[in-house]
Amino acid sequence: MKEINDAIEPERYELFAAPSYLFRLDRREFFKSLGGGLVIALIIKDAAAQESGGGRAGRPQAPQDISAWLRIAKDNSVTVYTGKVEFGQNIRTSLAQAVADELRAPLSNIKLVMGDTDLTPFDMGTFGSMTTPVMSAQLRKASAAARKFLIDLAVNEMKADRAQLTVADGKITDASGRSMTFGQLVGDQKITRAIAANVTTTPADRWTVAGRSVRKVDGRAFVTGKHKFTSDMKLEGMLYGKVLRSPSIKATLASCDIKEAQATGAIVVRDGDFVGVAAATPHTAERALSLIRAEWKATLQPSRRELFDYLKTHPAQQGRRSEPFVKGNIEEALASADKKLEASYTVHYIAHVPLEPRAALAQWQGDKLTVWTATQRPFGVRSELAQAFRIPDSQVRVIVPDTGSGYGGKHTGETAIEAARLARAAARPVKLVWTREEEFTWGYFRPAGVIDIRSGVSKDGMITAWEFHNYNSGPSAIRPLYDIANQKIEFHPADSPLRQGSYRALAATANHFAREMHIDELSRAVGLDPLEFRYRNLKDARLRAVLDAAAGAFGWSKRKSSQGRGFGIAGGMEKGSYIAMCAEVAVSNGRVKVVRVAAAFECGAVVNPDGLRNQIEGSIVMGLGGALFEAVDFENGKILNPRLSRYRVPRFSDVPVIEIVLVDRKDLPSAGAGETPIVALAPALGSAIFDATGVRLRSLPMIPNGTVK
């Protein structure tokens with residue numbers, strides 16, 4: 001299995017997109033834009049945390065016939081097929097809007113089948129904010145081709161002049177007012193016509209369904225509890241699985257006494273270091289597992305207190321070190337600078353804390369394996385399962401029910417493999433749901449990191465030198481948008497003490513935190529307003545536009561700082577979207593209260609304004625945790641805060657007044673919005689805290705103990 005982490009090598013990945021349906025992106029550019037029971041043991045290799053891809057035999061080409069993407073039934077309903085999954089980002093709604101808009105069908109007629117490897121075209125996965133720019137464009141092309149095919153049918157069936165036919169509301173009408181529905185025209189046939197490479201889609205300024213706020217598809221089912229998550233699902237004769245975990249990371253099994261577990265009537269199978277249980281009830285499974293007497297051999301490992309020194313002194317042993325980006329002469333520029341600044345910024349590991357912990361339900365029917373699981377990569381997990389059981393991909397079906405969040409934390413298929421192993425040995429379906437403690441301990445984390453910056457600036461506020469070294473956290477958004485003549489930027493992969501991988505916005509949060517905090521420090525060093533300082537060093541018109549919009553909504557020019565009251569601003573770009581945030585904080589007796597946040601966001605043409613605002617608001621609330629108090633505590637291979645009573649996440653009382661400004665650029669293609677909004681919050685808050693207290697905080701989280709010190 002191949003690891004794809006933030007240390008992005010220039011490898012090429014295939015995506016489905018317009019206009020050729022299959023185009024290639026350099027990976028760096030992609031991520032940038034981009035009763036009785038059973039006891040069984042199994043071995044699962046450590047799964048790579050940040051990966052994508054479709055299987056051992058390579059990635060199949062995107063199907064070019066319309067029926068692979070959508071089908072029209074006699075009742076005029078339209079079923080759309082996509083390998084993307086719904087993880088709470090409301091992409092089911094926005095994709096349905098795109099199809100309804102392009103096909104000219106009622107939104108209520110559009111039904112999406114998502115993340116089912118037996119039914120949907122291959123897809124690398126739902127990550128990298130790629131669903132809107134890639135899949136939405138693909139479905140629009142399929143829909144435009146289908147609309148053209150329907151018009152061809154109508155010309156023949158209605159004996160009408162093509163130029164006088166209109167398509168709207170799921171039907172085609174001729175000049176006399178006579179009409180036929182799509183279902184009447186298609187009948188029982190599949191639309192097997194190929195999608196032409198030059199098919200034209202509707203420009204954003206002519207959208208009628210997309211570009212507007214609509215109610216969330218299936219929203220009522222989520223609110224009423226009708227929707228079934230993987231952890232809610234049941235099959236006849238189903239057993240419940242549990243897995244024996246080691247007391248510390250990387251510990252190996254020294255001995256295992258299974259006699260007491262066998263005495264319960266369970267069947268015990270041991271295979272290496274991994275032991276699992278399946279029984280008729282969760283309680284029975286837990287009891288059987290508790291009766292297994294295991295002794296483990298642990299190894300000495302780094303602890304949190306030595307983390308940052310460790311990352312800088314332990315380079316990764318595998319993988320290629322990225323080549324530094326060099327522009328101009330950094331040493332000469334530093335030597336001639338009027339003012340120089342050198343600082344280090346650190347970022348701790350944080351957990352994903354999804355609403356729904358990892359879960360899988362596995363069923364074998366002969367040699368065919370079906371797994372319902374919450375994963376962002378159904379086709380990738382299908383390949384993991386096929387490899388684990390040495391069967392063809394075609395004998396594995398992975399289905400992803402709409403899932404309770406992932407934030408990049410559900411790329412891998414370990415839970416699916418565990419459930420499938422148990423189900424095969426039991427010859428019955430098995431459901432396995434991780435506990436919250438398992439989720440905290442055995443999932444992977446957002447990478448920790450150290451970022452060292454050296455810079456120089458002239459008296460008039462122009463940045464003349466910029467040297468930036470990131471250790472471990474990753475190269476996403478590592479290069480600045482500011483116009484700096486002399487730069488040296490380098491990412492240094494490190495040997496991470498904990499398992500790490502994808503997290504919302506990858507390393508862009510860490511790199512924006514360090515960069516924007518340093519920009520704030522430079523502005524104060526030359527006595528300039530932080531916004532004015534940015535303007536002097538900025539040529540990117542899109543970043544300037546969101547800075548203008550955020551500052552205007554916030555009233556930046558009218559702010560009045562005082563002891564205990566501070567204001568901060570930050571901006572940036574990731575995955576083709578631009579964000580700027582202004583923040584106000586109040587500090588009393590060292591305790592920080594985030595009072596207000598104004599955010600301006602630009603991601604090209606907006607598909608669903610209300611859904612987009614929800615994404616931005618969610619990013620702000622989530623970002624509060626990583627900015628202020630979230631951190632994984634660990635010592636010698638043990639996670640010390642593996643439950644919500646010890647791991648602080650944002651609460652309702654933490655949420656500030658939030659104002660969102662959408663900069664709708666209908667002249668630009670739509671970009672993704674799931675990640676970028678989170679990157680500007682931490683530096684805006686750090687700047688505001690300094691403004692209020694004079695204390696410069698350079699480590700995330702900034703107030704892990706609740707107070708500024």
# chains A, B, ... in the order shown; residues from 1 in each chain; ligands from 1
$ residues_around --residues "Asp118 of chain A" --least-positions-apart "6" --cutoff "10 Å" --atoms "only C-alpha atoms" --output "number ranges by chain"
A: 83, 370, 379, 394-399
$ residues_around --residues "Phe182 of chain A" --least-positions-apart "2" --cutoff "6 Å" --atoms "only C-alpha atoms" --output "list in words"
Asn76, Gly170, Lys171, Gln184 and Leu185 of chain A
$ write_last_selection --atoms "C-alpha atoms" --output "PDB file, in the first residue's frame"
ATOM      1  CA  ASN A  76     -39.385  11.094 -14.995  1.00  0.00           C
ATOM      2  CA  GLY A 170     -38.311  17.803 -16.997  1.00  0.00           C
ATOM      3  CA  LYS A 171     -40.088  18.013 -20.334  1.00  0.00           C
ATOM      4  CA  GLN A 184     -41.916   9.438 -21.990  1.00  0.00           C
ATOM      5  CA  LEU A 185     -39.145  10.079 -24.466  1.00  0.00           C
TER       6      LEU A 185
END
$ residues_around --residues "Ala525 of chain A" --least-positions-apart "4" --cutoff "10 Å" --atoms "only C-alpha atoms" --output "JSON, numbers by chain"
{"A": [339, 340, 341, 457, 459, 461, 519, 520, 521]}
$ write_last_selection --atoms "C-alpha atoms" --output "mmCIF file, in the first residue's frame"
data_model
loop_
_atom_site.group_PDB
_atom_site.id
_atom_site.type_symbol
_atom_site.label_atom_id
_atom_site.label_comp_id
_atom_site.auth_asym_id
_atom_site.auth_seq_id
_atom_site.Cartn_x
_atom_site.Cartn_y
_atom_site.Cartn_z
ATOM 1 C CA LYS A 339 14.865 45.054 9.963
ATOM 2 C CA LYS A 340 15.244 41.301 10.369
ATOM 3 C CA LEU A 341 13.030 38.851 12.196
ATOM 4 C CA VAL A 457 11.891 44.035 5.595
ATOM 5 C CA LYS A 459 11.694 50.718 6.253
ATOM 6 C CA GLY A 461 7.241 48.008 4.706
ATOM 7 C CA ILE A 519 3.473 38.879 8.656
ATOM 8 C CA ASP A 520 1.693 40.396 11.647
ATOM 9 C CA GLU A 521 4.989 40.572 13.527
#
$ residues_around --residues "Lys297 of chain A" --least-positions-apart "3" --cutoff "7 Å" --atoms "only C-alpha atoms" --output "MDAnalysis selection string"
chainID A and resid 251:254
$ residues_around --residues "Thr313 of chain A" --least-positions-apart "4" --cutoff "10 Å" --atoms "only C-alpha atoms" --output "VMD selection string"
chain A and resid 308 to 309 471 494 to 495
$ closest_residue --among "A:Gly618, A:Glu236, A:Tyr503, A:Gly568" --to "Val597 of chain A" --atoms "only C-alpha atoms"
A:Gly568
$ select_by_dssp --residues "segment 265-326 of chain A" --states "alpha helix (DSSP H)" --output "ChimeraX atom specification"
/A:282-290,307-313
$ write_last_selection --atoms "N, CA and C atoms" --output "compact mmCIF listing (two decimals), in the first residue's frame"
# COMPACT_ATOMS: atom_id res chain seq x y z
N PRO A 282 -23.44 -6.70 21.85
CA PRO A 282 -22.21 -5.97 22.18
C PRO A 282 -21.68 -6.33 23.56
N HIS A 283 -22.60 -6.53 24.52
CA HIS A 283 -22.17 -6.87 25.88
C HIS A 283 -21.44 -8.20 25.91
N THR A 284 -21.97 -9.19 25.20
CA THR A 284 -21.32 -10.50 25.16
C THR A 284 -19.95 -10.40 24.51
N ALA A 285 -19.85 -9.63 23.46
CA ALA A 285 -18.56 -9.46 22.79
C ALA A 285 -17.55 -8.80 23.73
N GLU A 286 -17.97 -7.77 24.43
CA GLU A 286 -17.07 -7.10 25.37
C GLU A 286 -16.63 -8.04 26.49
N ARG A 287 -17.56 -8.85 26.98
CA ARG A 287 -17.22 -9.78 28.07
C ARG A 287 -16.21 -10.82 27.58
N ALA A 288 -16.44 -11.38 26.40
CA ALA A 288 -15.51 -12.38 25.87
C ALA A 288 -14.13 -11.78 25.68
N LEU A 289 -14.09 -10.57 25.15
CA LEU A 289 -12.81 -9.92 24.93
C LEU A 289 -12.08 -9.67 26.25
N SER A 290 -12.84 -9.28 27.28
CA SER A 290 -12.22 -8.98 28.58
C SER A 290 -11.61 -10.21 29.24
N LEU A 307 8.62 16.45 21.59
CA LEU A 307 8.13 16.29 20.23
C LEU A 307 8.87 17.15 19.22
N PHE A 308 8.97 18.45 19.47
CA PHE A 308 9.47 19.35 18.44
C PHE A 308 10.97 19.19 18.20
N ASP A 309 11.73 18.94 19.25
CA ASP A 309 13.15 18.62 19.06
C ASP A 309 13.29 17.33 18.27
N TYR A 310 12.43 16.37 18.56
CA TYR A 310 12.48 15.07 17.87
C TYR A 310 12.23 15.25 16.38
N LEU A 311 11.22 16.04 16.01
CA LEU A 311 10.88 16.21 14.60
C LEU A 311 12.03 16.86 13.82
N LYS A 312 12.75 17.77 14.45
CA LYS A 312 13.83 18.46 13.75
C LYS A 312 15.10 17.61 13.65
N THR A 313 15.22 16.63 14.53
CA THR A 313 16.45 15.83 14.55
C THR A 313 16.26 14.41 14.02
$ atom_distance --atom1 "atom CA of Pro378 of chain A" --atom2 "atom CA of Pro60 of chain A"
14.6 Å
